[in-house]
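Asker: If you scroll down you'll find the structure; I have some questions about it.
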Amino acid sequence: MMSAMLYLSLVVLVLGVGRKIYQYATTPAPLKIPTTPAPTTRAGVVWRMAREVVFFDSLFKASKPTWIFSWLFHAGMLVALLCHLRYFTDPVWGWVALLAPFSKFAGLAMLVGLIGLLARRVVVDRVRAISAPSDFLMLFLILGIAASGLLMRFFWHTDIVAVKQFAQGLLSFQFASLPGSFVLFMHLILVAILLLIFPFSKLLHAPGLFFSPSRNQVDNPRERQHNPSLSGHGKKA
Amino acid sequence: MAKKPEKKPEFETPVLGDYTEVPAVTPGSMDHSQPFVAKAAINEAIGFPGELVDNWQEVAVTKLGELVDNSRALRVYLDSCVKCGACTDKCHYFLGTGDPNNMPVARQDLLRSVYRRHYTVAGKYLPKLVGAKDLDEEMLDKWYKYFHQCSQCRRCSVYCPYGIDTAEVSMAAREIMDTIGKGQKYCNEIIGKVHKLGNNLGLPEPALADTLEGLEEDVEEEINVKVKFPLDVKGAEVMLVTPSADFFAEPHIDGLIGYGKVFHQAGISWTLSSHASEAANFGLFIGSVDNMKQVAVRIREAALELGVKRIVFGECGHAWRVAYSFLNTLAGPFDFLDSRYPVPQHIIEVTHDLMEQGRLKLDKSANDDKRVTFHDSCNVARASRMGNKPGGQLTLPRDVIKASCNHFFDMPRDTIGEGTFCCGGGGGLLTDDLLELRVKGAKPRMQALKDVHEQHQVTHMAAICAICKSQFSKVLPYYGFEMDQIISVHQLVGDALVFSADA
C-alpha cells in the first residue's frame, strides 16, 4: 500500500515537473531583460546562477533573517536527503557513510529554519498580509516531515534494517513490508504528499529559478541581436 | 529652503525620517488613487478597443493565457513566488504609503490569483486554499488602481531570490487592460502623439526647428560661441535621439545645451531628427511590444534617411532601457552604421570617451557653487549598461560628474546603484492625476537626499532621465527643497566646458 503510494507520487512528481520544465524551456523569451548589472558572458551567468542557487545571493541582499532561516532549511534538507541514500545504496556509498554523522544536525537545521520562517510569517505584518492558507500548510507539511524524521532519530528508533529492506524493495520491485511504526508511517505519507503537490504548487520555485530571464540572460543586447525574427529587418540593409 | 507648493494638496506630504524606515501595513490607504481612463479615440489610435468590451472577462482571461504562453518571464514568475516577503519592504510606493497592495508580491498576486484560478489545477479546484480569484469587476478595479501604482523600476527584482520582476507583471496587466478597452489616458495619448508626429509633446517639425534656432541664439548670447542645434541634417555623423522634454522643460534643456557643447568642442557633426524626435518609448510602460516596436522603428528609419553613422541617446531612463536592451532586437540589425561604436550609444558614453581621450577642456571650478549628488535612474541602473563592463551604467555617469565638478557626494549605499529608488514618477505615472502617489512615492529618495544634505550640505541632485527631472521639479517643494535643486548631468558638463580659444 505504502509502496504504491510512493510510486504514484514519484510518477506525478517526475511527469508534473518534467512537463513544467518543458513549458519553461519552450516558452519564448522575446526580449532581453536581465536585472543589471548583469554578466556579459555565458560563464558569468553560470557564476551568477551558482551564487543564487548555493548562497541565495539576492535573498541575502534583501533580508538577513529570511536568508539565514531559509538557507539553514535548504542546506539541512539537502544533507538530510543525501543521508537517506544509505537506504537505497548497498553497499552504502563511501561519501554517504561519511555524511551520516551529520544527518541529525541537518535535521535540526531544517527544523530551526522552518520554525524561523513560520515565525516570520506570523510576526512580520507585511509577510502575514501576503500569506495564503497554503503558505502555512506547506510549512507545516515540511515541518511534519522533519519532525517525524528527528523523532525517529532521537526518541522512537525504528528498525532501520527493515526500512532498508523496504527501500531496496522499492528499487527492485520486490516489495518488503514496512516496520510497524506510526511515526515512520506519517513520515512517508507526508513525503508522498509533498511529492504529489510539488508540480502544482509554489515548490516550482526550484526549477523556476533556472529559467528566470532576469537572472539567466547574458547582458549583450547591443553586441548580439536577440531574437532577430522580432525585428524582421535581417535581410535588408 | 521651504517653498510651499502653489496649491494646497488634498493629502499630507510624508514626514521625512530615517531612510531605512519601513511603515506599518495600512490596508486601503491608496485605494482611491487611479489615473484618468483613456477616451475611445485615444485607445483606438494605438490599436485597442475604445471602451470596455462587453465580454471583457473572457477576453482578458484569454489574453492572459496568450501572454503567459509567449513570455517565459511571466510564466516562471507567476509559478515561482513562495511569498517569502523579501520584496515587501523594497517598493518606494509601499515605503511611501504603507498600502499592502504596493508590496511587490501583493501587486503581482492581483494578477497571479487570476492566473491561478484559470490556468492552474490548484486554483481551479481549491481556489480558497491557494488564494486564487476570479477576474470580477472588483478585481479589475484593483488592477487598474494598483498596476498604475507601479513604476516598473525593477527594484523588487534585485532582491527576489528568483529574480521575479514586478515590472513584467504590471506590463502584462496593463496590456490586458488595454486589450479589453480600459487604457490609461496619459500613456496612450502620448503613444498616439509619437505615432502621429514623432514625439511625446506632439511637437511638429516647424515648431521644433523654431525652438532649436532660439536655443542657438540663447547659447550664443550667453557664452559667445556658435553652438549648433541642427535638425534633419543629412550626412551628419551622429543622430541624437533625446526625450522631447529636453527641448522645453527645465532643467532638461540645460542638459540639451550640454550635449550640444560637447559635440561642438569635440568637433563631431550631429543632428536631431524630426521623424524620431523622441527618445522616450511609452510602449514599454503599457507592455505593448507592437507599439514599442513602431516607436523604435522610427529611429531606424530616421537614421537611414539621414545617412548618419552613429545613434546617440540623450538623458532618459526608460528610453535608455528600450534603446540599450531592445532597439537592436526590435529594429536591428544596425549594420549600416559605423561598427566601431556600439549601437546605440548613450550621451554619457560619448562624453566619457571624449574625456578619456582628452578632447574636452573642463574647468571644474565653474560648478563650485554646487555640492552635487547623483540619482541613479531606475531603468538605467537595473535594466541597461554603459561601457564595456557590467555596472558601467553606475560608474560612467559618476566619472563624468566628478570630472565636471569639485564637490560630489553619494547618497546612502542602499539607495543608489542597483538598489536605487525610483523618483516616483516613472513607468507612465508622471501625470498630475497621480500627484499624491508621486509625492508619496518620492519619499525614500527624499529621505536619502535629506541625509546627504545634512551630512555634506549637498545642494543639487543630478539625474540622467527626463522623467526623474520633471518628477523632482514637481515634488521637491513638497519636502521643503527647491524645485531647481534637480539638474541634468550634462548641465554640469556644459557649464564646466571651457571655450576661450574658439570664441
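Residues in the C-alpha cells are named by chain (A, B, ... in the order shown) and by number from 1 within that chain; ligands are numbered from 1 in the order shown.
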Listing only residues of chain B within 7 Å of chain A, what is the closest atom pair and its distance in Å (to one decimal) for each, using only C-alpha atoms, sorted by chain and residue number ascending, as JSON lines?

Answerer:
{"residue": "B:Val25", "atom": "CA", "partner": "A:Arg126", "partner_atom": "CA", "distance": 6.2}
{"residue": "B:Asp69", "atom": "CA", "partner": "A:Thr27", "partner_atom": "CA", "distance": 6.1}
{"residue": "B:Asn70", "atom": "CA", "partner": "A:Pro28", "partner_atom": "CA", "distance": 5.5}
{"residue": "B:Ser71", "atom": "CA", "partner": "A:Ala29", "partner_atom": "CA", "distance": 5.4}
{"residue": "B:Arg72", "atom": "CA", "partner": "A:Thr27", "partner_atom": "CA", "distance": 5.0}
{"residue": "B:Ala73", "atom": "CA", "partner": "A:Pro213", "partner_atom": "CA", "distance": 5.8}
{"residue": "B:Val76", "atom": "CA", "partner": "A:Gly208", "partner_atom": "CA", "distance": 5.5}
{"residue": "B:Asp79", "atom": "CA", "partner": "A:Lys202", "partner_atom": "CA", "distance": 6.2}
{"residue": "B:Ser80", "atom": "CA", "partner": "A:His205", "partner_atom": "CA", "distance": 4.1}
{"residue": "B:Cys81", "atom": "CA", "partner": "A:Lys202", "partner_atom": "CA", "distance": 6.2}
{"residue": "B:Val82", "atom": "CA", "partner": "A:Lys202", "partner_atom": "CA", "distance": 5.5}
{"residue": "B:Lys83", "atom": "CA", "partner": "A:Ile130", "partner_atom": "CA", "distance": 6.7}
{"residue": "B:Gly85", "atom": "CA", "partner": "A:Val127", "partner_atom": "CA", "distance": 5.3}
{"residue": "B:Ala86", "atom": "CA", "partner": "A:Ala62", "partner_atom": "CA", "distance": 5.5}
{"residue": "B:Thr88", "atom": "CA", "partner": "A:Arg126", "partner_atom": "CA", "distance": 6.4}
{"residue": "B:Ala106", "atom": "CA", "partner": "A:Ile130", "partner_atom": "CA", "distance": 6.2}
{"residue": "B:Val121", "atom": "CA", "partner": "A:Phe200", "partner_atom": "CA", "distance": 6.7}
{"residue": "B:Ala122", "atom": "CA", "partner": "A:Phe200", "partner_atom": "CA", "distance": 6.3}
{"residue": "B:Leu129", "atom": "CA", "partner": "A:Pro133", "partner_atom": "CA", "distance": 5.5}
{"residue": "B:Val130", "atom": "CA", "partner": "A:Ser134", "partner_atom": "CA", "distance": 5.3}
{"residue": "B:Gly131", "atom": "CA", "partner": "A:Ala132", "partner_atom": "CA", "distance": 5.8}
{"residue": "B:Val158", "atom": "CA", "partner": "A:Ser58", "partner_atom": "CA", "distance": 6.5}
{"residue": "B:Tyr159", "atom": "CA", "partner": "A:Ser58", "partner_atom": "CA", "distance": 4.9}
{"residue": "B:Cys160", "atom": "CA", "partner": "A:Ser58", "partner_atom": "CA", "distance": 6.0}
{"residue": "B:Pro161", "atom": "CA", "partner": "A:Leu59", "partner_atom": "CA", "distance": 5.1}
{"residue": "B:Tyr162", "atom": "CA", "partner": "A:Leu209", "partner_atom": "CA", "distance": 5.1}
{"residue": "B:Gly163", "atom": "CA", "partner": "A:Ser214", "partner_atom": "CA", "distance": 5.6}
{"residue": "B:Tyr324", "atom": "CA", "partner": "A:Arg222", "partner_atom": "CA", "distance": 6.5}
{"residue": "B:Ser325", "atom": "CA", "partner": "A:Pro221", "partner_atom": "CA", "distance": 5.4}
{"residue": "B:Phe326", "atom": "CA", "partner": "A:Leu31", "partner_atom": "CA", "distance": 6.7}
{"residue": "B:Asn328", "atom": "CA", "partner": "A:Gln225", "partner_atom": "CA", "distance": 5.8}
{"residue": "B:Thr329", "atom": "CA", "partner": "A:His226", "partner_atom": "CA", "distance": 5.4}
{"residue": "B:Leu330", "atom": "CA", "partner": "A:Ser231", "partner_atom": "CA", "distance": 4.5}
{"residue": "B:Ala331", "atom": "CA", "partner": "A:Ser231", "partner_atom": "CA", "distance": 4.9}
{"residue": "B:Gly332", "atom": "CA", "partner": "A:Ser231", "partner_atom": "CA", "distance": 6.2}
{"residue": "B:Pro333", "atom": "CA", "partner": "A:Gly234", "partner_atom": "CA", "distance": 6.3}
{"residue": "B:Phe336", "atom": "CA", "partner": "A:Ala237", "partner_atom": "CA", "distance": 6.4}
{"residue": "B:Pro342", "atom": "CA", "partner": "A:Arg222", "partner_atom": "CA", "distance": 6.5}
{"residue": "B:Val343", "atom": "CA", "partner": "A:Arg222", "partner_atom": "CA", "distance": 6.1}
{"residue": "B:Ala381", "atom": "CA", "partner": "A:Thr36", "partner_atom": "CA", "distance": 6.7}
{"residue": "B:Arg382", "atom": "CA", "partner": "A:Thr36", "partner_atom": "CA", "distance": 4.4}
{"residue": "B:Ala383", "atom": "CA", "partner": "A:Thr36", "partner_atom": "CA", "distance": 5.3}
{"residue": "B:Ser384", "atom": "CA", "partner": "A:Thr36", "partner_atom": "CA", "distance": 6.2}
{"residue": "B:Pro390", "atom": "CA", "partner": "A:Pro37", "partner_atom": "CA", "distance": 5.1}
{"residue": "B:Gly391", "atom": "CA", "partner": "A:Pro37", "partner_atom": "CA", "distance": 4.9}

Asker: Could you pull out the helix (DSSP H, G or I) residues of range 10-79 of chain A from DSSP and send them as a PDB file with N, CA and C atoms, in the first residue's frame?

Answerer:
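As written to disk, states08.pdb reads:
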ATOM      1  N   LEU A  10       5.803   9.584  -6.890  1.00  0.00           N
ATOM      2  CA  LEU A  10       7.030   9.804  -7.639  1.00  0.00           C
ATOM      3  C   LEU A  10       6.742  10.015  -9.128  1.00  0.00           C
ATOM      4  N   VAL A  11       5.796   9.220  -9.646  1.00  0.00           N
ATOM      5  CA  VAL A  11       5.417   9.369 -11.059  1.00  0.00           C
ATOM      6  C   VAL A  11       4.830  10.762 -11.292  1.00  0.00           C
ATOM      7  N   VAL A  12       3.937  11.185 -10.385  1.00  0.00           N
ATOM      8  CA  VAL A  12       3.320  12.505 -10.523  1.00  0.00           C
ATOM      9  C   VAL A  12       4.397  13.593 -10.479  1.00  0.00           C
ATOM     10  N   LEU A  13       5.344  13.418  -9.561  1.00  0.00           N
ATOM     11  CA  LEU A  13       6.422  14.406  -9.439  1.00  0.00           C
ATOM     12  C   LEU A  13       7.224  14.502 -10.726  1.00  0.00           C
ATOM     13  N   VAL A  14       7.649  13.356 -11.224  1.00  0.00           N
ATOM     14  CA  VAL A  14       8.532  13.361 -12.399  1.00  0.00           C
ATOM     15  C   VAL A  14       7.795  13.902 -13.624  1.00  0.00           C
ATOM     16  N   LEU A  15       6.569  13.383 -13.850  1.00  0.00           N
ATOM     17  CA  LEU A  15       5.814  13.840 -15.017  1.00  0.00           C
ATOM     18  C   LEU A  15       5.419  15.313 -14.874  1.00  0.00           C
ATOM     19  N   GLY A  16       4.953  15.677 -13.689  1.00  0.00           N
ATOM     20  CA  GLY A  16       4.475  17.045 -13.464  1.00  0.00           C
ATOM     21  C   GLY A  16       5.594  18.058 -13.591  1.00  0.00           C
ATOM     22  N   VAL A  17       6.699  17.800 -12.937  1.00  0.00           N
ATOM     23  CA  VAL A  17       7.810  18.752 -13.006  1.00  0.00           C
ATOM     24  C   VAL A  17       8.445  18.718 -14.393  1.00  0.00           C
ATOM     25  N   GLY A  18       8.500  17.516 -14.976  1.00  0.00           N
ATOM     26  CA  GLY A  18       9.019  17.400 -16.339  1.00  0.00           C
ATOM     27  C   GLY A  18       8.210  18.250 -17.304  1.00  0.00           C
ATOM     28  N   ARG A  19       6.893  18.201 -17.165  1.00  0.00           N
ATOM     29  CA  ARG A  19       6.029  18.988 -18.035  1.00  0.00           C
ATOM     30  C   ARG A  19       6.294  20.482 -17.840  1.00  0.00           C
ATOM     31  N   LYS A  20       6.455  20.894 -16.580  1.00  0.00           N
ATOM     32  CA  LYS A  20       6.707  22.306 -16.287  1.00  0.00           C
ATOM     33  C   LYS A  20       8.047  22.755 -16.881  1.00  0.00           C
ATOM     34  N   ILE A  21       9.062  21.918 -16.710  1.00  0.00           N
ATOM     35  CA  ILE A  21      10.379  22.270 -17.241  1.00  0.00           C
ATOM     36  C   ILE A  21      10.310  22.403 -18.763  1.00  0.00           C
ATOM     37  N   TYR A  22       9.564  21.492 -19.377  1.00  0.00           N
ATOM     38  CA  TYR A  22       9.392  21.563 -20.835  1.00  0.00           C
ATOM     39  C   TYR A  22       8.729  22.894 -21.213  1.00  0.00           C
ATOM     40  N   GLN A  23       7.680  23.246 -20.445  1.00  0.00           N
ATOM     41  CA  GLN A  23       6.987  24.527 -20.689  1.00  0.00           C
ATOM     42  C   GLN A  23       7.936  25.711 -20.558  1.00  0.00           C
ATOM     43  N   TYR A  24       8.684  25.728 -19.467  1.00  0.00           N
ATOM     44  CA  TYR A  24       9.608  26.851 -19.236  1.00  0.00           C
ATOM     45  C   TYR A  24      10.629  26.942 -20.367  1.00  0.00           C
ATOM     46  N   ALA A  25      11.124  25.761 -20.788  1.00  0.00           N
ATOM     47  CA  ALA A  25      12.185  25.762 -21.791  1.00  0.00           C
ATOM     48  C   ALA A  25      11.669  26.170 -23.162  1.00  0.00           C
ATOM     49  N   THR A  26      10.403  25.863 -23.449  1.00  0.00           N
ATOM     50  CA  THR A  26       9.905  26.125 -24.800  1.00  0.00           C
ATOM     51  C   THR A  26       9.136  27.437 -24.913  1.00  0.00           C
ATOM     52  N   ARG A  42      28.445  34.094 -20.948  1.00  0.00           N
ATOM     53  CA  ARG A  42      27.751  32.890 -20.501  1.00  0.00           C
ATOM     54  C   ARG A  42      28.372  32.370 -19.191  1.00  0.00           C
ATOM     55  N   ALA A  43      29.702  32.374 -19.139  1.00  0.00           N
ATOM     56  CA  ALA A  43      30.381  31.902 -17.929  1.00  0.00           C
ATOM     57  C   ALA A  43      29.995  32.778 -16.730  1.00  0.00           C
ATOM     58  N   GLY A  44      29.894  34.059 -16.969  1.00  0.00           N
ATOM     59  CA  GLY A  44      29.485  34.974 -15.911  1.00  0.00           C
ATOM     60  C   GLY A  44      28.096  34.639 -15.402  1.00  0.00           C
ATOM     61  N   VAL A  45      27.215  34.279 -16.327  1.00  0.00           N
ATOM     62  CA  VAL A  45      25.849  33.917 -15.939  1.00  0.00           C
ATOM     63  C   VAL A  45      25.851  32.645 -15.100  1.00  0.00           C
ATOM     64  N   VAL A  46      26.683  31.680 -15.486  1.00  0.00           N
ATOM     65  CA  VAL A  46      26.768  30.431 -14.717  1.00  0.00           C
ATOM     66  C   VAL A  46      27.195  30.748 -13.278  1.00  0.00           C
ATOM     67  N   TRP A  47      28.137  31.639 -13.133  1.00  0.00           N
ATOM     68  CA  TRP A  47      28.611  32.057 -11.817  1.00  0.00           C
ATOM     69  C   TRP A  47      27.504  32.774 -11.039  1.00  0.00           C
ATOM     70  N   ARG A  48      26.784  33.665 -11.720  1.00  0.00           N
ATOM     71  CA  ARG A  48      25.679  34.370 -11.065  1.00  0.00           C
ATOM     72  C   ARG A  48      24.622  33.375 -10.579  1.00  0.00           C
ATOM     73  N   MET A  49      24.266  32.431 -11.445  1.00  0.00           N
ATOM     74  CA  MET A  49      23.248  31.448 -11.082  1.00  0.00           C
ATOM     75  C   MET A  49      23.739  30.562  -9.937  1.00  0.00           C
ATOM     76  N   ALA A  50      25.019  30.182  -9.991  1.00  0.00           N
ATOM     77  CA  ALA A  50      25.565  29.311  -8.947  1.00  0.00           C
ATOM     78  C   ALA A  50      25.483  30.013  -7.589  1.00  0.00           C
ATOM     79  N   ARG A  51      25.837  31.287  -7.563  1.00  0.00           N
ATOM     80  CA  ARG A  51      25.762  32.029  -6.299  1.00  0.00           C
ATOM     81  C   ARG A  51      24.322  32.101  -5.804  1.00  0.00           C
ATOM     82  N   GLU A  52      23.416  32.247  -6.762  1.00  0.00           N
ATOM     83  CA  GLU A  52      21.999  32.340  -6.431  1.00  0.00           C
ATOM     84  C   GLU A  52      21.495  31.017  -5.847  1.00  0.00           C
ATOM     85  N   VAL A  53      21.899  29.917  -6.489  1.00  0.00           N
ATOM     86  CA  VAL A  53      21.417  28.593  -6.082  1.00  0.00           C
ATOM     87  C   VAL A  53      22.067  28.152  -4.769  1.00  0.00           C
ATOM     88  N   VAL A  54      23.357  28.396  -4.642  1.00  0.00           N
ATOM     89  CA  VAL A  54      24.067  27.873  -3.471  1.00  0.00           C
ATOM     90  C   VAL A  54      23.964  28.821  -2.276  1.00  0.00           C
ATOM     91  N   PHE A  55      24.125  30.102  -2.519  1.00  0.00           N
ATOM     92  CA  PHE A  55      24.183  31.047  -1.386  1.00  0.00           C
ATOM     93  C   PHE A  55      22.932  31.914  -1.246  1.00  0.00           C
ATOM     94  N   ASP A  57      22.076  34.540  -3.033  1.00  0.00           N
ATOM     95  CA  ASP A  57      22.640  35.888  -3.100  1.00  0.00           C
ATOM     96  C   ASP A  57      21.625  37.019  -2.958  1.00  0.00           C
ATOM     97  N   SER A  58      20.569  36.964  -3.773  1.00  0.00           N
ATOM     98  CA  SER A  58      19.599  38.058  -3.789  1.00  0.00           C
ATOM     99  C   SER A  58      18.859  38.143  -2.455  1.00  0.00           C
ATOM    100  N   LEU A  59      18.524  36.982  -1.910  1.00  0.00           N
ATOM    101  CA  LEU A  59      17.820  36.972  -0.632  1.00  0.00           C
ATOM    102  C   LEU A  59      18.718  37.540   0.467  1.00  0.00           C
ATOM    103  N   PHE A  60      20.006  37.280   0.354  1.00  0.00           N
ATOM    104  CA  PHE A  60      20.962  37.825   1.318  1.00  0.00           C
ATOM    105  C   PHE A  60      20.925  39.345   1.295  1.00  0.00           C
ATOM    106  N   LYS A  61      20.821  39.912   0.083  1.00  0.00           N
ATOM    107  CA  LYS A  61      20.724  41.369  -0.033  1.00  0.00           C
ATOM    108  C   LYS A  61      19.424  41.880   0.568  1.00  0.00           C
ATOM    109  N   ALA A  62      18.376  41.036   0.479  1.00  0.00           N
ATOM    110  CA  ALA A  62      17.031  41.515   0.816  1.00  0.00           C
ATOM    111  C   ALA A  62      16.762  41.517   2.314  1.00  0.00           C
ATOM    112  N   LYS A  64      18.297  39.649   6.041  1.00  0.00           N
ATOM    113  CA  LYS A  64      19.192  38.701   6.696  1.00  0.00           C
ATOM    114  C   LYS A  64      18.443  37.607   7.464  1.00  0.00           C
ATOM    115  N   PRO A  65      17.380  37.918   8.240  1.00  0.00           N
ATOM    116  CA  PRO A  65      16.672  36.838   8.943  1.00  0.00           C
ATOM    117  C   PRO A  65      16.083  35.809   7.967  1.00  0.00           C
ATOM    118  N   THR A  66      15.394  36.294   6.916  1.00  0.00           N
ATOM    119  CA  THR A  66      14.809  35.355   5.963  1.00  0.00           C
ATOM    120  C   THR A  66      15.909  34.519   5.324  1.00  0.00           C
ATOM    121  N   TRP A  67      17.025  35.202   5.016  1.00  0.00           N
ATOM    122  CA  TRP A  67      18.122  34.484   4.376  1.00  0.00           C
ATOM    123  C   TRP A  67      18.665  33.374   5.279  1.00  0.00           C
ATOM    124  N   ILE A  68      18.945  33.671   6.529  1.00  0.00           N
ATOM    125  CA  ILE A  68      19.578  32.663   7.380  1.00  0.00           C
ATOM    126  C   ILE A  68      18.638  31.484   7.636  1.00  0.00           C
ATOM    127  N   PHE A  69      17.356  31.790   7.891  1.00  0.00           N
ATOM    128  CA  PHE A  69      16.401  30.696   8.130  1.00  0.00           C
ATOM    129  C   PHE A  69      16.217  29.855   6.874  1.00  0.00           C
ATOM    130  N   SER A  70      16.088  30.549   5.770  1.00  0.00           N
ATOM    131  CA  SER A  70      15.842  29.853   4.515  1.00  0.00           C
ATOM    132  C   SER A  70      17.052  29.006   4.122  1.00  0.00           C
ATOM    133  N   TRP A  71      18.237  29.572   4.322  1.00  0.00           N
ATOM    134  CA  TRP A  71      19.446  28.824   3.944  1.00  0.00           C
ATOM    135  C   TRP A  71      19.654  27.613   4.858  1.00  0.00           C
ATOM    136  N   LEU A  72      19.428  27.808   6.157  1.00  0.00           N
ATOM    137  CA  LEU A  72      19.537  26.683   7.099  1.00  0.00           C
ATOM    138  C   LEU A  72      18.603  25.548   6.685  1.00  0.00           C
ATOM    139  N   PHE A  73      17.375  25.941   6.376  1.00  0.00           N
ATOM    140  CA  PHE A  73      16.386  24.938   5.994  1.00  0.00           C
ATOM    141  C   PHE A  73      16.806  24.175   4.736  1.00  0.00           C
ATOM    142  N   HIS A  74      17.171  24.929   3.687  1.00  0.00           N
ATOM    143  CA  HIS A  74      17.500  24.268   2.430  1.00  0.00           C
ATOM    144  C   HIS A  74      18.786  23.442   2.530  1.00  0.00           C
ATOM    145  N   ALA A  75      19.794  23.999   3.190  1.00  0.00           N
ATOM    146  CA  ALA A  75      21.057  23.259   3.313  1.00  0.00           C
ATOM    147  C   ALA A  75      20.835  22.009   4.152  1.00  0.00           C
ATOM    148  N   GLY A  76      20.073  22.145   5.247  1.00  0.00           N
ATOM    149  CA  GLY A  76      19.763  20.998   6.087  1.00  0.00           C
ATOM    150  C   GLY A  76      19.019  19.935   5.298  1.00  0.00           C
ATOM    151  N   MET A  77      18.069  20.385   4.485  1.00  0.00           N
ATOM    152  CA  MET A  77      17.282  19.430   3.706  1.00  0.00           C
ATOM    153  C   MET A  77      18.173  18.682   2.708  1.00  0.00           C
ATOM    154  N   LEU A  78      19.098  19.406   2.095  1.00  0.00           N
ATOM    155  CA  LEU A  78      19.981  18.765   1.121  1.00  0.00           C
ATOM    156  C   LEU A  78      20.787  17.659   1.795  1.00  0.00           C
ATOM    157  N   VAL A  79      21.397  17.987   2.938  1.00  0.00           N
ATOM    158  CA  VAL A  79      22.217  16.987   3.637  1.00  0.00           C
ATOM    159  C   VAL A  79      21.339  15.821   4.092  1.00  0.00           C
TER     160      VAL A  79
END

Asker: Would you kindly return, as a PyMOL selection string, each protein, DNA or RNA residue with an atom no farther than 12 Å from any atom of Gln108 in chain B, considering only C-alpha atoms and excluding same-chain residues fewer than 3 positions away?

Answerer: (chain A and resi 130) or (chain B and resi 74+77-81+83+87-88+100-105+111-116+142-143+146-147+149-150+152+156-157+164-173)

Asker: At a cut-off of 8 Å, using only C-alpha atoms, what residues contact Leu111 in chain A? Leave out same-chain residues fewer than 4 positions from it and give the result as a list in words.

Answerer: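 So the residues in contact are Phe73, Gly107, Ile115, Leu143, Ala146 and Ala147 of chain A.
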
Asker: Okay, now the selection with C-alpha atoms, as a PDB file, in the first residue's frame?

Answerer:
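File written: out_0.pdb
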ATOM      1  CA  PHE A  73      16.386  24.938   5.994  1.00  0.00           C
ATOM      2  CA  GLY A 107      17.519  17.667  10.561  1.00  0.00           C
ATOM      3  CA  ILE A 115      10.351  27.492  12.641  1.00  0.00           C
ATOM      4  CA  LEU A 143       7.849  20.665   9.483  1.00  0.00           C
ATOM      5  CA  ALA A 146      11.459  16.999   9.526  1.00  0.00           C
ATOM      6  CA  ALA A 147       9.964  16.490  12.984  1.00  0.00           C
TER       7      ALA A 147
END

Asker: Quick one: pull the distance between CA of Gly287 in chain B and CA of Cys91 in chain B, Å, one decimal.

Answerer: 19.9 Å

Asker: In Å, rounded to a single decimal, give me how far CA of Met1 in chain A is from CA of Cys83 in chain A.

Answerer: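 According to the coordinates, CA of Cys83 in chain A and CA of Met1 in chain A are separated by 24.8 Å.
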
Asker: Skipping near chain neighbours, those fewer than 5 positions away, what residues fall within 12 Å of Leu449 in chain B using only C-alpha atoms, listed as number ranges by chain?

Answerer: B: 16-19, 371-375, 409-412, 415-416, 421, 423, 442-444, 454-462, 472, 476, 479-481, 485-486

Asker: Do a neighbour search on Met177 in chain B at 12 Å with only C-alpha atoms, toss out local chain neighbours closer than 2 positions, and write the hits as a ChimeraX atom specification.

Answerer: /B:37-38,43,48-53,56-57,59-61,63-64,111,135,139-145,147-148,170-175,179-184,188,286-288

Asker: Give me, as a count of residues only, all polymer residues having an atom no more than 12 Å from range 196-204 of chain B, counting only C-alpha atoms and skipping those fewer than 3 positions away in the same chain.

Answerer: 47

Asker: For a test of reading the model, state the distance in Å between CA of Gly180 in chain A and CA of Ser148 in chain A, rounded to one decimal.

Answerer: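 Separating CA of Gly180 in chain A from CA of Ser148 in chain A is a distance of 14.5 Å.
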
Asker: Determine the nearest neighbour of Val218 in chain A from the options B:Ala236, B:Gln393, B:Ile223, B:Arg385, counting only C-alpha atoms.

Answerer: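 Closest candidate: B:Arg385.
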
Asker: I'd like to know which of B:Asp484, B:Asp54, B:Asp338, B:Glu66 is closest to Asp254 in chain B, using only C-alpha atoms.

Answerer: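 Closest to Asp254 in chain B of all the choices is B:Asp484.
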